[in-house]
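Report on the following structure.
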Amino acid sequence: MEQIVTQLIEARHKAGLSLEDLHKLTMIPIRQLEFLESYQFDEIGPSVYVKGFIRRYAQEVGIDPDSLWQLEASLLPLASPARPRHSRQPLRNYLIPILRILAILVILFLAGVLIYKAISSYLDPGPPSPPAPPGQQQEDPSPQPEPEPEPQPEPEPEVTIEPVQEDNSEAIYLVHNAKSLEITLAFSGKCWTRMTVDGEKAGERTFTTGQQHQLTAAGTVRIRFGAPINVSVAVNGVAVEIPDIRKGFNLEIRLAPAE
């Protein structure tokens, strides 16, 4: 991998491009370009990010990306032959009958418990009702008029999300019947994310598996994902569709004016 990066750096110098120029052409953060050219691949993230950055870098300095992967493959050592795996079929022949017997015993036990409870409930009529206090009249009181039902409040209008634009690079949604935007981001893998809330930058970081992030806005939220395949988005409790891709993707959520 280091020989590939060295070849890219030489091509960039020949093209007369600075890191700032390359950042504007590829949209790769300058910090990530510095990690790449200093061979700090672990600081960038998974190998899929590293290869994606190398591909975009190569295209802008005039190198065919496919030729780089052929070079990398020629430098890899030959894989050692796989060892034969021993069959575990005899063990399975013993385990399956035992598991079946255990399942039958559990079912019989549960059925016995249910039958015992049913018989006990049938034979036990329950405690007798307490006698009326002395001197209390046994006559039924006069029926009271039923109170008029209270008027039910009108239900809140349901929040709806209208797609304004949808493609593999950007999506814009308009949210109706909401007082504000409540956005939840849930991550299933590494994903670099840049967030802007109501025109102000709200942060830029790399989230990892299992992390969540909440955003609240009064007008507009704009998010840039590095790997949208690893994130799910919910707006005011409603899921928003994100494409399963591994390249940069822009998501914009707008709050529609009150009708």
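Each chain of the structure tokens is named A, B, ... in the order shown, its residues numbered from 1; ligands are numbered from 1 in display order.
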Give me the residues within 9 Å of Leu33 in chain A as a VMD selection string, counting only C-alpha atoms and dropping any in the same chain fewer than 4 places off.
-> chain A and resid 19 22 to 23 28 to 29 37 to 38 44 53 57
Based on the selection just made, write all heavy atoms of those residues as a compact mmCIF listing (two decimals), in the first residue's frame.
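Result file follows (selection-v1.txt):
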```txt
# COMPACT_ATOMS: atom_id res chain seq x y z
N LEU A 19 -2.17 20.00 -1.58
CA LEU A 19 -3.21 19.25 -0.86
C LEU A 19 -4.53 20.02 -0.85
O LEU A 19 -5.60 19.43 -0.90
CB LEU A 19 -2.75 18.97 0.58
CG LEU A 19 -1.69 17.89 0.76
CD1 LEU A 19 -1.37 17.70 2.24
CD2 LEU A 19 -2.14 16.57 0.15
N LEU A 22 -6.15 19.37 -4.15
CA LEU A 22 -6.69 18.01 -4.20
C LEU A 22 -7.94 17.87 -3.34
O LEU A 22 -8.87 17.14 -3.68
CB LEU A 22 -5.61 17.03 -3.73
CG LEU A 22 -5.79 15.56 -4.17
CD1 LEU A 22 -5.82 15.46 -5.69
CD2 LEU A 22 -4.66 14.71 -3.60
N HIS A 23 -7.96 18.60 -2.22
CA HIS A 23 -9.17 18.60 -1.36
C HIS A 23 -10.38 19.16 -2.11
O HIS A 23 -11.49 18.62 -2.02
CB HIS A 23 -8.89 19.41 -0.10
CG HIS A 23 -10.13 19.88 0.60
ND1 HIS A 23 -11.02 19.01 1.22
CD2 HIS A 23 -10.66 21.12 0.77
CE1 HIS A 23 -12.02 19.70 1.73
NE2 HIS A 23 -11.81 20.98 1.46
N ILE A 28 -12.16 15.22 -0.30
CA ILE A 28 -11.58 14.47 0.83
C ILE A 28 -11.02 15.49 1.82
O ILE A 28 -10.29 16.40 1.42
CB ILE A 28 -10.46 13.53 0.35
CG1 ILE A 28 -11.01 12.52 -0.68
CG2 ILE A 28 -9.84 12.80 1.52
CD1 ILE A 28 -9.94 11.64 -1.30
N PRO A 29 -11.33 15.39 3.13
CA PRO A 29 -10.78 16.33 4.11
C PRO A 29 -9.25 16.36 4.06
O PRO A 29 -8.60 15.33 3.85
CB PRO A 29 -11.30 15.79 5.45
CG PRO A 29 -12.52 15.01 5.10
CD PRO A 29 -12.26 14.43 3.76
N GLU A 37 -0.92 10.45 2.94
CA GLU A 37 0.43 10.67 2.41
C GLU A 37 1.52 10.38 3.44
O GLU A 37 2.68 10.24 3.09
CB GLU A 37 0.56 12.09 1.88
CG GLU A 37 -0.29 12.35 0.63
CD GLU A 37 0.15 13.61 -0.10
OE1 GLU A 37 0.99 14.36 0.45
OE2 GLU A 37 -0.32 13.83 -1.24
N SER A 38 1.14 10.30 4.75
CA SER A 38 2.11 9.93 5.78
C SER A 38 2.00 8.46 6.15
O SER A 38 2.54 8.04 7.17
CB SER A 38 1.92 10.81 7.01
OG SER A 38 0.61 10.66 7.55
N ILE A 44 -7.26 6.79 9.21
CA ILE A 44 -8.34 7.08 8.25
C ILE A 44 -9.58 6.28 8.55
O ILE A 44 -10.70 6.78 8.53
CB ILE A 44 -7.84 6.79 6.81
CG1 ILE A 44 -6.66 7.72 6.47
CG2 ILE A 44 -8.97 6.99 5.80
CD1 ILE A 44 -6.04 7.45 5.11
N PHE A 53 -10.48 6.67 -0.94
CA PHE A 53 -9.70 7.90 -1.05
C PHE A 53 -8.62 7.74 -2.13
O PHE A 53 -8.35 8.66 -2.91
CB PHE A 53 -9.05 8.23 0.29
CG PHE A 53 -10.04 8.68 1.33
CD1 PHE A 53 -9.70 8.74 2.68
CD2 PHE A 53 -11.34 9.05 0.98
CE1 PHE A 53 -10.59 9.14 3.63
CE2 PHE A 53 -12.24 9.46 1.93
CZ PHE A 53 -11.87 9.51 3.26
N TYR A 57 -8.16 10.05 -5.40
CA TYR A 57 -6.85 10.71 -5.52
C TYR A 57 -6.25 10.39 -6.89
O TYR A 57 -5.79 11.27 -7.62
CB TYR A 57 -5.98 10.20 -4.38
CG TYR A 57 -4.67 10.93 -4.16
CD1 TYR A 57 -4.36 11.45 -2.91
CD2 TYR A 57 -3.72 11.07 -5.17
CE1 TYR A 57 -3.15 12.10 -2.69
CE2 TYR A 57 -2.53 11.71 -4.95
CZ TYR A 57 -2.24 12.22 -3.71
OH TYR A 57 -1.06 12.86 -3.50
```
Residue contacts of Gln211 in chain A (9 Å, only C-alpha atoms) excluding same-chain residues fewer than 2 positions away, as a list in words = Leu185, Ala186, Phe187, Ser188, Gly189, Phe207, Thr208, Thr209 and His213 of chain A
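Separating CA of Leu255 in chain A from CA of Thr206 in chain A is a distance of 26.4 Å.
The shortest atom-to-atom distance to Leu174 in chain A, with only C-alpha atoms taken into account, belongs to A:Val235 out of A:Leu123, A:Ala202, A:Gln144, A:Val235.
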Quick one: everything within 12 Å of Lys51 in chain A, counting only C-alpha atoms, minus sequence neighbours fewer than 2 positions away in the same chain. Send it as JSON, numbers by chain.
-> {"A": [1, 4, 5, 36, 41, 44, 45, 46, 47, 48, 49, 53, 54, 55, 56, 57, 58, 65, 66, 68, 69, 72, 246, 247]}
Written file, previous selection with N, CA, C and O atoms, as a JSON list (two decimals), in the first residue's frame:
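Result written to part_8.json:
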```json
[["chain", "number", "residue", "atom", "x", "y", "z"],
["A", 1, "MET", "N", 0.83, -1.22, 0.00],
["A", 1, "MET", "CA", 0.00, 0.00, 0.00],
["A", 1, "MET", "C", 0.86, 1.26, 0.00],
["A", 1, "MET", "O", 0.53, 2.27, -0.62],
["A", 4, "ILE", "N", 1.96, 2.25, -3.44],
["A", 4, "ILE", "CA", 0.88, 2.90, -4.20],
["A", 4, "ILE", "C", 0.79, 4.37, -3.82],
["A", 4, "ILE", "O", 0.67, 5.26, -4.67],
["A", 5, "VAL", "N", 0.82, 4.66, -2.49],
["A", 5, "VAL", "CA", 0.72, 6.05, -2.03],
["A", 5, "VAL", "C", 1.91, 6.87, -2.53],
["A", 5, "VAL", "O", 1.77, 8.03, -2.92],
["A", 36, "LEU", "N", -3.09, 9.96, 4.70],
["A", 36, "LEU", "CA", -2.82, 9.06, 3.58],
["A", 36, "LEU", "C", -1.38, 9.19, 3.10],
["A", 36, "LEU", "O", -0.68, 8.20, 2.91],
["A", 41, "PHE", "N", -2.57, 4.80, 7.75],
["A", 41, "PHE", "CA", -3.84, 4.28, 7.24],
["A", 41, "PHE", "C", -4.84, 3.99, 8.37],
["A", 41, "PHE", "O", -6.05, 4.10, 8.18],
["A", 44, "ILE", "N", -7.26, 6.79, 9.21],
["A", 44, "ILE", "CA", -8.34, 7.08, 8.25],
["A", 44, "ILE", "C", -9.58, 6.28, 8.55],
["A", 44, "ILE", "O", -10.70, 6.78, 8.53],
["A", 45, "GLY", "N", -9.44, 5.00, 8.87],
["A", 45, "GLY", "CA", -10.60, 4.16, 9.14],
["A", 45, "GLY", "C", -10.47, 2.82, 8.45],
["A", 45, "GLY", "O", -9.36, 2.36, 8.15],
["A", 46, "PRO", "N", -11.59, 2.16, 8.19],
["A", 46, "PRO", "CA", -11.56, 0.85, 7.54],
["A", 46, "PRO", "C", -10.89, 0.92, 6.16],
["A", 46, "PRO", "O", -10.80, 1.99, 5.54],
["A", 47, "SER", "N", -10.46, -0.23, 5.68],
["A", 47, "SER", "CA", -9.76, -0.29, 4.40],
["A", 47, "SER", "C", -10.62, 0.21, 3.24],
["A", 47, "SER", "O", -10.10, 0.72, 2.25],
["A", 48, "VAL", "N", -11.95, 0.09, 3.39],
["A", 48, "VAL", "CA", -12.82, 0.56, 2.30],
["A", 48, "VAL", "C", -12.72, 2.07, 2.14],
["A", 48, "VAL", "O", -12.78, 2.60, 1.03],
["A", 49, "TYR", "N", -12.51, 2.81, 3.27],
["A", 49, "TYR", "CA", -12.31, 4.25, 3.18],
["A", 49, "TYR", "C", -10.97, 4.55, 2.50],
["A", 49, "TYR", "O", -10.87, 5.44, 1.64],
["A", 53, "PHE", "N", -10.48, 6.67, -0.94],
["A", 53, "PHE", "CA", -9.70, 7.90, -1.05],
["A", 53, "PHE", "C", -8.62, 7.74, -2.13],
["A", 53, "PHE", "O", -8.35, 8.66, -2.91],
["A", 54, "ILE", "N", -7.96, 6.58, -2.16],
["A", 54, "ILE", "CA", -6.91, 6.34, -3.16],
["A", 54, "ILE", "C", -7.49, 6.41, -4.57],
["A", 54, "ILE", "O", -6.88, 6.97, -5.49],
["A", 55, "ARG", "N", -8.68, 5.83, -4.76],
["A", 55, "ARG", "CA", -9.30, 5.84, -6.09],
["A", 55, "ARG", "C", -9.57, 7.28, -6.55],
["A", 55, "ARG", "O", -9.25, 7.65, -7.68],
["A", 56, "ARG", "N", -10.15, 8.11, -5.66],
["A", 56, "ARG", "CA", -10.43, 9.50, -6.05],
["A", 56, "ARG", "C", -9.14, 10.30, -6.26],
["A", 56, "ARG", "O", -9.03, 11.12, -7.17],
["A", 57, "TYR", "N", -8.16, 10.05, -5.40],
["A", 57, "TYR", "CA", -6.85, 10.71, -5.52],
["A", 57, "TYR", "C", -6.25, 10.39, -6.89],
["A", 57, "TYR", "O", -5.79, 11.27, -7.62],
["A", 58, "ALA", "N", -6.25, 9.08, -7.25],
["A", 58, "ALA", "CA", -5.63, 8.66, -8.51],
["A", 58, "ALA", "C", -6.31, 9.28, -9.71],
["A", 58, "ALA", "O", -5.66, 9.69, -10.68],
["A", 65, "PRO", "N", -7.07, 3.97, -11.51],
["A", 65, "PRO", "CA", -7.13, 3.30, -10.20],
["A", 65, "PRO", "C", -7.00, 1.78, -10.30],
["A", 65, "PRO", "O", -6.42, 1.16, -9.42],
["A", 66, "ASP", "N", -7.53, 1.19, -11.37],
["A", 66, "ASP", "CA", -7.47, -0.28, -11.49],
["A", 66, "ASP", "C", -6.03, -0.77, -11.60],
["A", 66, "ASP", "O", -5.70, -1.87, -11.13],
["A", 68, "LEU", "N", -3.56, 0.44, -10.00],
["A", 68, "LEU", "CA", -2.99, 0.44, -8.65],
["A", 68, "LEU", "C", -3.32, -0.86, -7.93],
["A", 68, "LEU", "O", -2.49, -1.42, -7.23],
["A", 69, "TRP", "N", -4.57, -1.33, -8.08],
["A", 69, "TRP", "CA", -4.96, -2.57, -7.38],
["A", 69, "TRP", "C", -4.21, -3.76, -7.99],
["A", 69, "TRP", "O", -3.91, -4.73, -7.29],
["A", 72, "GLU", "N", -0.88, -3.75, -6.32],
["A", 72, "GLU", "CA", -0.98, -4.25, -4.94],
["A", 72, "GLU", "C", -1.12, -5.77, -4.92],
["A", 72, "GLU", "O", -0.52, -6.45, -4.10],
["A", 246, "ARG", "N", -21.56, 3.48, -0.33],
["A", 246, "ARG", "CA", -20.39, 3.76, 0.49],
["A", 246, "ARG", "C", -19.67, 5.03, 0.07],
["A", 246, "ARG", "O", -18.50, 5.23, 0.40],
["A", 247, "LYS", "N", -20.34, 5.89, -0.70],
["A", 247, "LYS", "CA", -19.72, 7.14, -1.09],
["A", 247, "LYS", "C", -20.47, 8.30, -0.43],
["A", 247, "LYS", "O", -21.50, 8.11, 0.21]]
```
